$ cat data.txt   # compact mmCIF, C-alpha atoms
# COMPACT_ATOMS: atom_id res chain seq x y z
CA MET A 1 -9.66 -3.50 30.41
CA ALA A 2 -6.75 -5.67 29.28
CA ILE A 3 -7.16 -7.43 25.94
CA SER A 4 -6.64 -11.17 26.17
CA LYS A 5 -6.49 -12.12 22.47
CA VAL A 6 -6.84 -10.64 19.00
CA ILE A 7 -7.52 -12.70 15.88
CA ILE A 8 -5.99 -11.32 12.67
CA VAL A 9 -7.33 -12.82 9.47
CA GLY A 10 -4.71 -12.72 6.71
CA SER A 11 -0.91 -12.72 6.62
CA GLY A 12 -0.35 -9.73 4.36
CA PRO A 13 1.93 -6.85 5.37
CA ALA A 14 -0.69 -4.88 7.31
CA GLY A 15 -1.79 -7.93 9.28
CA LEU A 16 1.78 -8.92 10.09
CA VAL A 17 2.74 -5.39 11.18
CA LEU A 18 -0.35 -5.16 13.40
CA ALA A 19 0.36 -8.59 14.87
CA LEU A 20 3.97 -7.72 15.62
CA LEU A 21 3.08 -4.42 17.29
CA LEU A 22 0.40 -6.08 19.43
CA ALA A 23 2.57 -9.06 20.37
CA LYS A 24 5.34 -6.75 21.56
CA GLN A 25 2.83 -5.34 24.07
CA GLY A 26 2.14 -8.81 25.44
CA ILE A 27 -1.22 -9.20 23.69
CA ASN A 28 -1.93 -12.71 22.43
CA VAL A 29 -2.31 -12.66 18.65
CA VAL A 30 -3.49 -15.48 16.39
CA ILE A 31 -3.08 -15.04 12.63
CA LEU A 32 -5.40 -17.17 10.53
CA GLU A 33 -4.17 -17.67 6.97
CA ALA A 34 -6.00 -19.73 4.35
CA ALA A 35 -2.84 -20.38 2.33
CA GLU A 36 -0.13 -22.87 3.26
CA ASN A 37 2.59 -20.23 3.39
CA LEU A 38 3.38 -16.61 2.61
CA ASP A 39 2.53 -15.15 -0.77
CA GLU A 40 5.84 -15.02 -2.66
CA ASN A 41 4.59 -12.77 -5.46
CA PRO A 42 6.61 -9.51 -5.33
CA ARG A 43 3.54 -7.24 -5.58
CA ALA A 44 4.00 -3.85 -3.90
CA THR A 45 7.45 -2.35 -3.59
CA HIS A 46 7.65 1.27 -2.38
CA TYR A 47 7.26 2.58 1.18
CA SER A 48 6.96 6.33 1.82
CA PHE A 49 7.38 7.89 5.25
CA PRO A 50 3.90 7.12 6.65
CA ALA A 51 4.65 3.44 5.96
CA THR A 52 8.30 3.44 7.08
CA TYR A 53 7.21 5.13 10.32
CA GLU A 54 5.10 2.06 11.13
CA LEU A 55 7.86 -0.31 10.03
CA GLU A 56 10.23 1.48 12.39
CA ARG A 57 7.78 1.13 15.27
CA ALA A 58 7.53 -2.57 14.48
CA GLY A 59 11.32 -2.83 14.69
CA VAL A 60 11.98 -3.95 11.11
CA LEU A 61 12.83 -0.80 9.17
CA GLN A 62 16.62 -1.11 9.29
CA GLU A 63 16.43 -4.63 7.85
CA VAL A 64 14.08 -3.40 5.12
CA ILE A 65 16.53 -0.62 4.23
CA SER A 66 19.46 -3.05 4.33
CA GLU A 67 17.81 -5.48 1.92
CA GLY A 68 16.28 -2.76 -0.24
CA PHE A 69 17.45 0.66 -1.40
CA LEU A 70 16.45 4.34 -1.38
CA PRO A 71 15.23 5.47 -4.84
CA ASP A 72 16.58 8.77 -6.14
CA GLY A 73 13.19 10.22 -7.08
CA VAL A 74 10.54 9.99 -9.76
CA SER A 75 9.96 11.57 -13.17
CA TRP A 76 7.11 11.94 -15.66
CA ARG A 77 8.10 11.48 -19.30
CA ASP A 78 6.64 11.27 -22.76
CA ILE A 79 6.89 8.11 -24.84
CA ASP A 80 10.28 9.23 -26.22
CA GLY A 81 11.71 9.58 -22.71
CA LEU A 82 11.66 13.39 -22.63
CA ALA A 83 11.16 14.52 -19.02
CA LEU A 84 8.01 16.56 -18.45
CA ALA A 85 8.74 16.99 -14.73
CA SER A 86 10.63 15.27 -11.95
CA ILE A 87 11.07 15.38 -8.22
CA SER A 88 14.20 14.28 -6.39
CA THR A 89 14.52 12.85 -2.88
CA LYS A 90 17.91 14.53 -2.37
CA HIS A 91 16.36 17.32 -0.27
CA LEU A 92 14.73 14.88 2.17
CA SER A 93 16.37 13.69 5.37
CA THR A 94 17.27 10.01 5.28
CA GLU A 95 14.45 8.99 7.61
CA LYS A 96 11.88 10.68 5.34
CA LYS A 97 13.03 9.05 2.10
CA ILE A 98 11.15 6.37 0.22
CA VAL A 99 12.39 2.81 0.74
CA CYS A 100 12.02 0.16 -1.96
CA LEU A 101 11.82 -3.58 -1.29
CA PRO A 102 9.46 -6.12 -2.90
CA LEU A 103 6.65 -7.05 -0.57
CA ASN A 104 7.50 -10.74 -0.37
CA HIS A 105 10.85 -9.75 1.18
CA LEU A 106 9.10 -7.51 3.73
CA THR A 107 6.63 -10.19 4.80
CA ARG A 108 9.49 -12.67 5.29
CA ILE A 109 11.26 -10.17 7.58
CA LEU A 110 8.05 -9.61 9.53
CA MET A 111 7.50 -13.34 9.93
CA GLU A 112 11.02 -13.80 11.27
CA HIS A 113 10.34 -11.17 13.92
CA LEU A 114 6.93 -12.61 14.77
CA ALA A 115 8.50 -16.03 15.34
CA LYS A 116 10.44 -14.50 18.25
CA GLN A 117 7.28 -13.29 20.00
CA PRO A 118 5.88 -15.81 22.50
CA THR A 119 2.40 -14.26 22.31
CA ALA A 120 2.10 -14.56 18.50
CA GLU A 121 0.91 -17.63 16.60
CA VAL A 122 0.37 -18.17 12.87
CA LYS A 123 -2.04 -20.89 11.77
CA TRP A 124 -1.56 -21.83 8.11
CA SER A 125 -4.27 -23.56 6.05
CA HIS A 126 -6.90 -21.98 8.30
CA LYS A 127 -9.65 -20.59 6.07
CA VAL A 128 -12.21 -18.35 7.73
CA LEU A 129 -15.74 -19.33 6.69
CA PRO A 130 -18.73 -17.01 6.14
CA THR A 131 -20.21 -17.75 9.57
CA ILE A 132 -19.01 -15.26 12.18
CA GLY A 133 -20.49 -13.82 15.36
CA GLN A 134 -20.02 -11.68 18.44
CA ASP A 135 -21.49 -10.81 21.81
CA GLN A 136 -20.72 -8.22 24.49
CA SER A 137 -17.43 -9.83 25.49
CA SER A 138 -15.97 -11.59 22.43
CA ALA A 139 -16.06 -12.18 18.69
CA TRP A 140 -15.66 -15.50 16.91
CA VAL A 141 -15.10 -17.02 13.48
CA MET A 142 -15.71 -20.48 12.09
CA VAL A 143 -12.54 -21.81 10.50
CA GLU A 144 -11.87 -24.66 8.09
CA THR A 145 -8.64 -26.35 9.19
CA PRO A 146 -6.74 -29.47 8.08
CA ASN A 147 -8.37 -31.22 11.05
CA GLY A 148 -11.92 -30.06 10.46
CA THR A 149 -14.05 -27.01 11.18
CA VAL A 150 -13.48 -25.22 14.47
CA LYS A 151 -14.72 -22.10 16.24
CA ILE A 152 -12.03 -19.62 17.33
CA SER A 153 -12.84 -16.70 19.64
CA ALA A 154 -11.02 -13.55 20.75
CA ASP A 155 -11.68 -10.10 22.20
CA TYR A 156 -11.47 -8.66 18.69
CA VAL A 157 -11.25 -9.97 15.13
CA VAL A 158 -9.40 -7.91 12.51
CA GLY A 159 -9.94 -8.54 8.82
CA CYS A 160 -6.62 -8.07 7.02
CA ASP A 161 -7.63 -10.58 4.37
CA GLY A 162 -7.36 -8.48 1.25
CA ALA A 163 -9.66 -7.26 -1.49
CA ASN A 164 -11.81 -10.40 -1.34
CA SER A 165 -12.04 -10.22 2.46
CA GLN A 166 -14.30 -12.86 3.95
CA ILE A 167 -14.66 -10.76 7.09
CA ARG A 168 -15.97 -7.79 5.09
CA LYS A 169 -18.31 -10.02 3.09
CA SER A 170 -19.67 -11.65 6.25
CA LEU A 171 -20.29 -8.25 7.81
CA PHE A 172 -21.84 -6.44 4.85
CA GLY A 173 -22.66 -8.99 2.15
CA ASP A 174 -20.72 -10.45 -0.76
CA SER A 175 -21.39 -7.55 -3.14
CA GLU A 176 -21.31 -4.63 -0.69
CA PHE A 177 -18.04 -2.79 -1.37
CA PRO A 178 -18.94 0.75 -2.52
CA GLY A 179 -16.87 2.34 -5.26
CA ARG A 180 -15.90 1.60 -8.82
CA THR A 181 -13.74 -0.57 -11.02
CA TRP A 182 -11.60 1.17 -13.63
CA ASP A 183 -12.37 0.26 -17.23
CA GLU A 184 -8.64 0.29 -17.96
CA GLN A 185 -6.72 -2.98 -17.92
CA ILE A 186 -3.43 -3.17 -16.03
CA VAL A 187 -0.58 -5.60 -16.71
CA ALA A 188 2.25 -5.76 -14.15
CA THR A 189 5.56 -7.34 -15.09
CA ASN A 190 8.87 -7.93 -13.34
CA VAL A 191 11.68 -7.81 -15.86
CA TYR A 192 15.43 -7.48 -16.20
CA TYR A 193 16.26 -4.94 -18.90
CA ASN A 194 19.28 -2.65 -19.10
CA MET A 195 18.01 0.92 -18.70
CA THR A 196 21.45 2.43 -18.07
CA PRO A 197 21.87 3.91 -21.59
CA TYR A 198 18.67 5.92 -21.21
CA ASN A 199 19.38 7.68 -17.91
CA TRP A 200 15.79 7.60 -16.70
CA GLY A 201 16.62 7.38 -13.00
CA ASP A 202 15.05 4.88 -10.61
CA SER A 203 11.36 5.56 -11.29
CA SER A 204 9.38 6.98 -14.21
CA PHE A 205 5.76 7.44 -15.21
CA ILE A 206 5.17 7.64 -18.95
CA VAL A 207 2.36 9.95 -20.05
CA ASP A 208 0.78 8.79 -23.31
CA LYS A 209 -2.78 8.26 -24.47
CA GLU A 210 -2.03 4.78 -25.82
CA HIS A 211 1.18 3.54 -24.23
CA TRP A 212 0.99 4.82 -20.65
CA PHE A 213 3.07 2.90 -18.13
CA MET A 214 5.26 2.97 -15.05
CA LEU A 215 8.86 1.75 -14.96
CA ALA A 216 10.72 1.48 -11.66
CA LYS A 217 13.78 -0.28 -10.33
CA ILE A 218 12.59 -2.48 -7.45
CA GLN A 219 15.68 -4.46 -6.40
CA LYS A 220 19.36 -3.77 -5.97
CA ASP A 221 20.17 -6.27 -8.71
CA GLY A 222 18.33 -4.14 -11.28
CA LEU A 223 14.98 -5.94 -11.40
CA LEU A 224 12.36 -3.59 -12.85
CA ARG A 225 8.64 -3.32 -12.33
CA VAL A 226 6.98 -2.33 -15.60
CA THR A 227 3.24 -1.82 -15.25
CA TYR A 228 1.30 -0.76 -18.32
CA GLY A 229 -2.18 -0.35 -19.68
CA ASP A 230 -3.71 -2.61 -22.32
CA ILE A 231 -7.05 -3.00 -24.06
CA PRO A 232 -9.78 -4.43 -21.82
CA GLY A 233 -11.69 -7.67 -22.23
CA LEU A 234 -8.97 -10.18 -23.12
CA THR A 235 -7.98 -13.42 -21.39
CA ARG A 236 -4.86 -13.78 -19.28
CA GLU A 237 -3.26 -15.82 -22.06
CA GLU A 238 -4.02 -13.10 -24.62
CA TYR A 239 -2.45 -10.40 -22.44
CA ILE A 240 0.67 -12.52 -21.99
CA ALA A 241 0.84 -13.10 -25.74
CA ARG A 242 0.63 -9.33 -26.36
CA GLN A 243 3.43 -8.47 -23.91
CA PRO A 244 6.36 -8.64 -26.44
CA MET A 245 4.48 -6.34 -28.80
CA LYS A 246 3.72 -3.90 -25.98
CA PHE A 247 7.33 -3.78 -24.77
CA LYS A 248 8.59 -3.18 -28.31
CA SER A 249 6.04 -0.36 -28.66
CA PHE A 250 6.97 1.62 -25.57
CA LEU A 251 10.23 0.57 -23.88
CA PRO A 252 13.25 2.68 -24.85
CA GLY A 253 15.33 0.86 -27.43
CA GLN A 254 12.26 -1.06 -28.73
CA PRO A 255 13.71 -4.36 -27.46
CA ASN A 256 12.98 -7.82 -28.76
CA PRO A 257 12.27 -10.60 -26.24
CA ASP A 258 15.87 -11.85 -26.37
CA GLN A 259 17.00 -8.47 -24.97
CA TYR A 260 15.16 -8.73 -21.64
CA LYS A 261 14.14 -11.39 -19.14
CA ILE A 262 10.58 -11.54 -17.84
CA VAL A 263 10.39 -13.13 -14.38
CA GLY A 264 6.73 -12.41 -13.65
CA ILE A 265 3.60 -11.11 -15.37
CA SER A 266 0.15 -10.46 -13.92
CA PRO A 267 -2.81 -8.86 -15.72
CA TYR A 268 -5.41 -7.45 -13.32
CA LYS A 269 -8.19 -4.92 -12.89
CA VAL A 270 -7.93 -2.04 -10.44
CA HIS A 271 -10.53 -0.50 -8.18
CA GLN A 272 -11.39 2.50 -6.02
CA ARG A 273 -13.54 1.12 -3.20
CA CYS A 274 -14.15 1.76 0.48
CA ALA A 275 -16.19 -0.30 2.94
CA LYS A 276 -19.13 1.54 4.50
CA SER A 277 -17.59 1.00 7.93
CA PHE A 278 -14.24 -0.25 9.21
CA ARG A 279 -15.81 -1.29 12.51
CA GLU A 280 -18.78 -3.46 13.36
CA GLY A 281 -18.68 -4.09 17.10
CA ARG A 282 -15.67 -6.30 17.78
CA PHE A 283 -14.87 -6.79 14.10
CA LEU A 284 -12.50 -4.36 12.39
CA LEU A 285 -11.16 -3.94 8.85
CA VAL A 286 -7.67 -2.91 7.76
CA ALA A 287 -5.89 -2.22 4.44
CA ASP A 288 -7.28 -3.87 1.28
CA ALA A 289 -10.07 -5.52 3.26
CA ALA A 290 -11.25 -1.99 4.06
CA HIS A 291 -10.36 0.03 0.95
CA LEU A 292 -8.80 -0.28 -2.50
CA CYS A 293 -7.12 2.12 -4.90
CA ASN A 294 -5.16 1.84 -8.11
CA PRO A 295 -1.41 1.15 -7.72
CA PHE A 296 0.02 4.32 -9.27
CA GLY A 297 1.61 6.32 -6.49
CA GLY A 298 1.94 3.66 -3.81
CA LEU A 299 -1.08 4.74 -1.76
CA GLY A 300 -2.60 1.28 -1.35
CA LEU A 301 0.29 -0.24 0.57
CA THR A 302 1.07 2.97 2.43
CA GLY A 303 -2.53 3.50 3.49
CA GLY A 304 -2.82 -0.10 4.65
CA LEU A 305 0.26 0.09 6.87
CA VAL A 306 -0.97 3.36 8.39
CA ASP A 307 -4.31 1.62 9.12
CA ALA A 308 -2.40 -1.10 10.95
CA GLY A 309 -0.41 1.36 13.05
CA ASN A 310 -3.50 3.40 13.89
CA LEU A 311 -5.50 0.35 14.92
CA PHE A 312 -2.60 -0.82 17.07
CA ASP A 313 -2.62 2.47 18.96
CA CYS A 314 -6.37 2.15 19.52
CA LEU A 315 -6.22 -1.45 20.71
CA ASN A 316 -3.14 -0.84 22.84
CA GLY A 317 -4.84 2.16 24.43
CA ILE A 318 -7.74 -0.10 25.42
CA HIS A 319 -5.33 -2.78 26.64
CA GLN A 320 -3.39 -0.30 28.78
CA GLY A 321 -6.55 1.24 30.25
CA LEU A 322 -5.86 4.57 28.56
CA ALA A 323 -8.82 4.51 26.19
CA ASN A 324 -12.25 2.97 26.08
CA ASP A 325 -13.89 1.01 23.29
CA ASP A 326 -15.20 4.18 21.64
CA ILE A 327 -11.75 4.90 20.21
CA LEU A 328 -12.39 2.09 17.71
CA SER A 329 -15.29 4.09 16.30
CA ARG A 330 -12.89 6.99 15.91
CA TYR A 331 -10.54 4.65 14.01
CA ASP A 332 -13.40 3.94 11.61
CA VAL A 333 -14.21 7.61 11.10
CA VAL A 334 -10.62 8.83 10.73
CA ARG A 335 -9.40 6.14 8.38
CA ARG A 336 -12.43 6.43 6.09
CA GLU A 337 -11.95 10.20 6.00
CA MET A 338 -8.30 9.72 5.02
CA TYR A 339 -9.34 7.41 2.20
CA ASN A 340 -12.18 9.60 0.90
CA ASN A 341 -10.36 12.93 1.22
CA ILE A 342 -6.81 11.99 0.23
CA ILE A 343 -6.09 8.42 -0.88
CA ASP A 344 -8.96 8.06 -3.35
CA PRO A 345 -8.67 11.46 -5.10
CA VAL A 346 -4.85 11.51 -5.18
CA SER A 347 -4.51 7.96 -6.50
CA SER A 348 -7.25 8.63 -9.06
CA ASP A 349 -5.42 11.73 -10.27
CA ASN A 350 -2.20 9.70 -10.46
CA ILE A 351 -3.58 7.22 -12.97
CA ARG A 352 -5.60 9.75 -14.99
CA ARG A 353 -2.49 11.91 -15.39
CA LEU A 354 -0.89 9.15 -17.44
CA TRP A 355 -3.67 9.12 -20.06
CA GLN A 356 -3.09 12.69 -21.23
CA ASP A 357 -1.49 14.08 -24.33
CA PRO A 358 2.02 14.73 -22.94
CA ALA A 359 2.33 18.10 -24.68
CA VAL A 360 -0.92 19.25 -23.08
CA ALA A 361 0.06 17.78 -19.71
CA GLU A 362 3.36 19.65 -19.71
CA LYS A 363 1.57 22.95 -20.24
CA GLU A 364 -1.62 22.49 -18.22
CA ASP A 365 -1.16 19.85 -15.51
CA LYS A 366 -0.88 21.77 -12.22
CA PHE A 367 0.76 18.86 -10.43
CA LEU A 368 3.56 18.64 -12.97
CA GLU A 369 3.96 22.40 -12.71
CA MET A 370 4.37 22.01 -8.94
CA CYS A 371 6.99 19.30 -9.50
CA ARG A 372 9.01 21.62 -11.72
CA MET A 373 8.82 24.32 -9.05
CA ALA A 374 9.92 21.79 -6.44
CA ASP A 375 12.86 20.74 -8.60
CA ALA A 376 14.12 24.32 -8.40
CA ASP A 377 13.29 24.99 -4.73
CA PRO A 378 14.38 22.53 -1.98
CA ASN A 379 11.81 23.91 0.47
CA ILE A 380 8.91 23.34 -1.93
CA SER A 381 10.33 19.89 -2.72
CA ARG A 382 10.40 18.86 0.93
CA LYS A 383 6.91 20.18 1.63
CA MET A 384 5.48 18.52 -1.45
CA GLN A 385 7.02 15.14 -0.69
CA GLU A 386 5.98 15.34 2.94
CA GLY A 387 2.41 16.16 1.92
CA LEU A 388 1.48 12.48 2.04
CA ASN A 389 2.16 12.56 5.79
CA SER A 390 -1.31 14.06 6.07
CA ILE A 391 -2.77 10.53 5.92
CA MET A 392 -1.18 9.86 9.32
CA HIS A 393 -3.05 10.28 12.61
CA ASP A 394 -1.84 9.90 16.19
CA PHE A 395 -4.56 8.20 18.23
CA ARG A 396 -2.40 8.35 21.35
CA LYS A 397 -3.41 12.00 21.57
CA GLU A 398 -7.00 10.84 21.96
CA TYR A 399 -6.37 8.61 24.97
CA ASN A 400 -8.61 9.40 27.94
CA PHE A 401 -5.83 10.06 30.38
CA GLY A 402 -2.92 11.02 28.12
CA LEU A 403 0.18 8.95 27.58
CA PRO A 404 3.69 10.35 27.99
CA TYR A 405 5.79 9.24 25.05
CA SER A 406 8.52 10.38 22.74
CA SER A 407 7.89 10.20 19.03
CA SER A 408 9.74 11.11 15.86
CA MET A 409 6.44 12.00 14.21
CA GLU A 410 5.38 15.63 14.41
CA GLN A 411 1.60 15.52 14.22
CA LYS A 412 1.13 19.26 13.77
CA GLN A 413 2.31 20.37 10.35
CA ASP A 414 2.77 23.91 9.06
CA PHE A 415 2.03 22.69 5.54
CA LEU A 416 -1.33 21.04 4.95
CA PRO A 417 -1.36 20.30 1.23
CA SER A 418 -4.20 20.21 -1.19
CA THR A 419 -4.38 16.90 -3.01
CA ALA A 420 -2.83 18.61 -6.05
CA LYS A 421 0.37 19.19 -4.09
CA ILE A 422 1.03 15.70 -2.75
CA ALA A 423 3.99 14.00 -4.37
CA VAL A 424 3.84 10.29 -5.10
CA THR A 425 6.09 7.29 -4.90
CA ALA A 426 6.73 5.14 -7.94
CA GLY A 427 3.83 2.89 -7.09
CA ASP A 428 2.93 -0.50 -5.72
CA ALA A 429 1.71 -2.15 -8.89
$ encode --input "data.txt" --output "structure tokens"
Amino acid sequence: MAISKVIIVGSGPAGLVLALLLAKQGINVVILEAAENLDENPRATHYSFPATYELERAGVLQEVISEGFLPDGVSWRDIDGLALASISTKHLSTEKKIVCLPLNHLTRILMEHLAKQPTAEVKWSHKVLPTIGQDQSSAWVMVETPNGTVKISADYVVGCDGANSQIRKSLFGDSEFPGRTWDEQIVATNVYYNMTPYNWGDSSFIVDKEHWFMLAKIQKDGLLRVTYGDIPGLTREEYIARQPMKFKSFLPGQPNPDQYKIVGISPYKVHQRCAKSFREGRFLLVADAAHLCNPFGGLGLTGGLVDAGNLFDCLNGIHQGLANDDILSRYDVVRREMYNNIIDPVSSDNIRRLWQDPAVAEKEDKFLEMCRMADADPNISRKMQEGLNSIMHDFRKEYNFGLPYSSSMEQKQDFLPSTAKIAVTAGDA
């Protein structure tokens, strides 16, 4: 049965990718966004192959590559900059390499493409309220608009409205988001600082019990993302006041504030959480509305974009008459399995790895040992870096009647990695 309309709540990257994919199939899409415009905070930055695959399907990947760049790899170092292990992207084909572009640039590109789709509409300053509902033929939300409260209905409603998702809260309750919050405090900064003398490459994780952090180039002009841990329990103002002391403690060269330029700083807590279901009838959850993980390794953004692509295939299969409604229950099962079996444990290992004694980590950490093996063997390097592809799933192979198509994605892999053998991107802190 053809789908007449889909409501997408939230204008983040996953929602915009899903909207663009659906609109290109002639499905009417309405995006409801509480804010007045796009979020201009840089936020996430790195896109590994499972994410770039979806960006390519949406028709925006070449622009993302043009505006961004392809990082040369990632290393793990001690506080003095000594490399404990590294992994290079030089053995990957171009289409499998990580792409780096701050998220606010990606969402702008997506919006420009959406504006060209006659079946897509974005409604700004439209805040979805707690009251929602559904019946056998439609789902609806109550929305606070500049002109008053209105009811908006569609065949399906997709919550892409982030960690504080109103759709998830309305479905399961305000406090029902199973998982945990890390005790550790994270502070993300965007900063210009000359790293050329230190030859660290594009991305580094620093392993240290006290001064653990990530440093990655995120723009062509040299802008860096430096995300570090700090003591918990302080106010935002106190974390900002501590930033010069922290930088002097751990950045190479021990710079004073006049030697770098901070252009953004954001203290925040990180979580590992997964909704108990990504589907309740005609309501569906995607990306941060469905699951959360810490930023080290880039699995939050990547997992969210794969959610969007998977849900598109399910909805498009229904729209084309190639699948029935049950495929949405499969979406729920598959995506939660991917989170519980891969995204949660791998991302958790990524952050814990940074808290070790670096001397012990160099000798005992099996992941770092694998990275050193990969550095010496191109075949191991490729397999390790392609391990994250295991979070992908092709729902078109579950259509009732089959669908002839050509695809660059090879679903069957001869290397199915354990979580200890999945390489990571620099992160999306």
$ residues_around --input "data.txt" --residues "range 106-123 of chain A" --least-positions-apart "2" --cutoff "8 Å" --atoms "only C-alpha atoms" --output "number ranges by chain"
A: 12-13, 16-17, 19-20, 23-24, 26-33, 38, 60, 63-64, 101-104, 125-126
$ atom_distance --input "data.txt" --atom1 "CA of Ser203 in chain A" --atom2 "CA of Lys220 in chain A"
13.4 Å
$ closest_residue --input "data.txt" --among "A:Phe283, A:Phe367, A:Tyr399, A:Trp124" --to "Ala34 in chain A" --atoms "all atoms listed in the file"
A:Trp124
$ closest_residue --input "data.txt" --among "A:Ser348, A:Ser4, A:Asn190, A:Asn316" --to "Gly297 in chain A" --atoms "all atoms listed in the file"
A:Ser348
$ closest_atom_pairs --input "data.txt" --of "range 259-307 of chain A" --to "range 42-57 of chain A" --cutoff "12 Å" --atoms "only C-alpha atoms" --output "tab-separated table"
residue	atom	partner	partner_atom	distance
A:Val263	CA	A:Pro42	CA	10.5
A:Gly264	CA	A:Pro42	CA	8.8
A:Ile265	CA	A:Arg43	CA	10.5
A:Ser266	CA	A:Arg43	CA	9.6
A:Tyr268	CA	A:Arg43	CA	11.8
A:Asn294	CA	A:Ala44	CA	11.6
A:Pro295	CA	A:Ala44	CA	8.3
A:Phe296	CA	A:Ala44	CA	10.6
A:Gly297	CA	A:His46	CA	8.9
A:Gly298	CA	A:His46	CA	6.4
A:Leu299	CA	A:Ser48	CA	8.9
A:Gly300	CA	A:Ala44	CA	8.7
A:Leu301	CA	A:Ala44	CA	6.8
A:Thr302	CA	A:Ala51	CA	5.0
A:Gly303	CA	A:Ala51	CA	7.6
A:Gly304	CA	A:Ala51	CA	8.4
A:Leu305	CA	A:Ala51	CA	5.6
A:Val306	CA	A:Ala51	CA	6.1
A:Asp307	CA	A:Glu54	CA	9.6
$ closest_residue --input "data.txt" --among "A:Gly229, A:Gly309, A:Pro244, A:Pro378" --to "Ala287 in chain A" --atoms "all atoms listed in the file"
A:Gly309
$ atom_distance --input "data.txt" --atom1 "CA of Gln219 in chain A" --atom2 "CA of Ile186 in chain A"
21.4 Å
$ atom_distance --input "data.txt" --atom1 "CA of Gly81 in chain A" --atom2 "CA of Lys366 in chain A"
20.4 Å
$ closest_residue --input "data.txt" --among "A:Ala35, A:Ala163, A:Val99, A:Ile218" --to "Lys127 in chain A" --atoms "all atoms listed in the file"
A:Ala35
$ residues_around --input "data.txt" --residues "Val187 in chain A" --least-positions-apart "6" --cutoff "6 Å" --atoms "all atoms listed in the file" --output "count of residues only"
4
$ closest_residue --input "data.txt" --among "A:Asp313, A:Gln272, A:Ile79, A:Phe205" --to "Lys248 in chain A" --atoms "all atoms listed in the file"
A:Ile79
$ closest_residue --input "data.txt" --among "A:Ala275, A:Leu234, A:Val191, A:Val270" --to "Glu176 in chain A" --atoms "all atoms listed in the file"
A:Ala275
$ residues_around --input "data.txt" --residues "His91 in chain A" --least-positions-apart "5" --cutoff "10 Å" --atoms "all atoms listed in the file" --output "ChimeraX atom specification"
/A:96-97,374-375,377-382,385
$ residues_around --input "data.txt" --residues "Leu70 in chain A" --least-positions-apart "5" --cutoff "9 Å" --atoms "all atoms listed in the file" --output "list in words"
Ile65, Thr89, Thr94, Lys97, Ile98, Val99 and Cys100 of chain A
$ residues_around --input "data.txt" --residues "Gln254 in chain A" --least-positions-apart "2" --cutoff "12 Å" --atoms "only C-alpha atoms" --output "list of chain:residue names"
A:Ile79, A:Asp80, A:Tyr193, A:Met195, A:Pro244, A:Met245, A:Lys246, A:Phe247, A:Lys248, A:Ser249, A:Phe250, A:Leu251, A:Pro252, A:Asn256, A:Pro257, A:Asp258, A:Gln259, A:Tyr260
$ residues_near_point --input "data.txt" --point "(-17.5, -2.0, 16.1)" --cutoff "9 Å" --atoms "all atoms listed in the file" --output "ChimeraX atom specification"
/A:277-284,325-326,328-329,332
